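In what follows, a single structure is set out as C-alpha cells and then discussed.
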Amino acid sequence: MTVFVYVNTSKQVGDVEHIKVFATTDAAEKWFEENDPEGVAFEYEVIGAE
C-alpha cells in the first residue's frame with residue numbers, strides 16, 4: 001500500500017496545513033485543483049500495511 005504526501009513548505013512543522021496525506025492519486029489531484037494547482041505529492045510506501 002502506498003500514500004501520496006504533500007508538504008507545504010510555507011507552513012511550520014506541526015501546523016495542520018503543513019502536511020497532507022492522500023490515499024489515492026485521484027484524491028490528491030482533486031485537492032490540488034482546488035487548493036494548490038502547482039503543488040506535487042510524493043508516493044511513499046506504508047510500512048506494516050497488508
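All residue names refer to the C-alpha cells as shown: chains lettered A, B, ... in order, residues numbered from 1 in each chain, ligands numbered from 1 in order.
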Write out as number ranges by chain which residues come within 8 Å of stretch 18-33 of chain A when counting only C-alpha atoms, dropping same-chain ones fewer than 3 positions away. A: 2-15, 36-41
Export, as a PDB file, in the first residue's frame, the selected residues with N, CA and C atoms.
```
ATOM      1  N   THR A   2       0.480   2.231  -0.764  1.00  0.00           N
ATOM      2  CA  THR A   2       1.208   3.491  -0.780  1.00  0.00           C
ATOM      3  C   THR A   2       0.251   4.646  -0.514  1.00  0.00           C
ATOM      4  N   VAL A   3       0.813   5.759  -0.103  1.00  0.00           N
ATOM      5  CA  VAL A   3       0.072   7.010   0.065  1.00  0.00           C
ATOM      6  C   VAL A   3       0.833   8.093  -0.679  1.00  0.00           C
ATOM      7  N   PHE A   4       0.184   9.220  -0.861  1.00  0.00           N
ATOM      8  CA  PHE A   4       0.790  10.357  -1.531  1.00  0.00           C
ATOM      9  C   PHE A   4       0.871  11.508  -0.531  1.00  0.00           C
ATOM     10  N   VAL A   5       2.068  12.064  -0.376  1.00  0.00           N
ATOM     11  CA  VAL A   5       2.326  13.068   0.653  1.00  0.00           C
ATOM     12  C   VAL A   5       2.685  14.404   0.013  1.00  0.00           C
ATOM     13  N   TYR A   6       2.047  15.455   0.514  1.00  0.00           N
ATOM     14  CA  TYR A   6       2.301  16.832   0.079  1.00  0.00           C
ATOM     15  C   TYR A   6       2.809  17.606   1.290  1.00  0.00           C
ATOM     16  N   VAL A   7       3.885  18.351   1.119  1.00  0.00           N
ATOM     17  CA  VAL A   7       4.436  19.177   2.187  1.00  0.00           C
ATOM     18  C   VAL A   7       4.361  20.634   1.760  1.00  0.00           C
ATOM     19  N   ASN A   8       3.671  21.443   2.560  1.00  0.00           N
ATOM     20  CA  ASN A   8       3.575  22.878   2.309  1.00  0.00           C
ATOM     21  C   ASN A   8       4.731  23.541   3.054  1.00  0.00           C
ATOM     22  N   THR A   9       5.777  23.901   2.330  1.00  0.00           N
ATOM     23  CA  THR A   9       6.977  24.449   2.960  1.00  0.00           C
ATOM     24  C   THR A   9       6.797  25.866   3.493  1.00  0.00           C
ATOM     25  N   SER A  10       5.665  26.490   3.186  1.00  0.00           N
ATOM     26  CA  SER A  10       5.418  27.829   3.730  1.00  0.00           C
ATOM     27  C   SER A  10       4.820  27.759   5.132  1.00  0.00           C
ATOM     28  N   LYS A  11       4.492  26.556   5.587  1.00  0.00           N
ATOM     29  CA  LYS A  11       3.926  26.363   6.932  1.00  0.00           C
ATOM     30  C   LYS A  11       4.978  25.760   7.843  1.00  0.00           C
ATOM     31  N   GLN A  12       4.827  25.980   9.143  1.00  0.00           N
ATOM     32  CA  GLN A  12       5.767  25.435  10.114  1.00  0.00           C
ATOM     33  C   GLN A  12       5.410  23.999  10.470  1.00  0.00           C
ATOM     34  N   VAL A  13       6.418  23.229  10.840  1.00  0.00           N
ATOM     35  CA  VAL A  13       6.194  21.855  11.290  1.00  0.00           C
ATOM     36  C   VAL A  13       5.198  21.881  12.449  1.00  0.00           C
ATOM     37  N   GLY A  14       4.207  21.013  12.383  1.00  0.00           N
ATOM     38  CA  GLY A  14       3.180  20.959  13.413  1.00  0.00           C
ATOM     39  C   GLY A  14       1.909  21.696  13.035  1.00  0.00           C
ATOM     40  N   ASP A  15       2.000  22.606  12.075  1.00  0.00           N
ATOM     41  CA  ASP A  15       0.815  23.313  11.593  1.00  0.00           C
ATOM     42  C   ASP A  15      -0.080  22.312  10.870  1.00  0.00           C
ATOM     43  N   ASP A  36      -3.932  24.015  -4.639  1.00  0.00           N
ATOM     44  CA  ASP A  36      -2.552  24.341  -5.000  1.00  0.00           C
ATOM     45  C   ASP A  36      -2.221  23.724  -6.355  1.00  0.00           C
ATOM     46  N   PRO A  37      -2.705  24.347  -7.441  1.00  0.00           N
ATOM     47  CA  PRO A  37      -2.538  23.767  -8.780  1.00  0.00           C
ATOM     48  C   PRO A  37      -1.091  23.473  -9.178  1.00  0.00           C
ATOM     49  N   GLU A  38      -0.133  24.148  -8.579  1.00  0.00           N
ATOM     50  CA  GLU A  38       1.267  23.920  -8.923  1.00  0.00           C
ATOM     51  C   GLU A  38       1.966  22.965  -7.964  1.00  0.00           C
ATOM     52  N   GLY A  39       1.242  22.467  -6.964  1.00  0.00           N
ATOM     53  CA  GLY A  39       1.832  21.575  -5.974  1.00  0.00           C
ATOM     54  C   GLY A  39       2.039  20.169  -6.504  1.00  0.00           C
ATOM     55  N   VAL A  40       2.850  19.400  -5.793  1.00  0.00           N
ATOM     56  CA  VAL A  40       3.097  17.998  -6.136  1.00  0.00           C
ATOM     57  C   VAL A  40       3.069  17.158  -4.860  1.00  0.00           C
ATOM     58  N   ALA A  41       2.760  15.887  -5.039  1.00  0.00           N
ATOM     59  CA  ALA A  41       2.792  14.943  -3.929  1.00  0.00           C
ATOM     60  C   ALA A  41       3.757  13.818  -4.292  1.00  0.00           C
TER      61      ALA A  41
END
```
So which bits of chain A end up strand (DSSP E) when you DSSP the backbone, as a list in words?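 Answer for chain A, restricted to strand (DSSP E): Thr2, Val3, Phe4, Val5, Tyr6, Val7, Ile19, Lys20, Val21, Phe22, Phe42, Glu43, Tyr44 and Glu45 of chain A.
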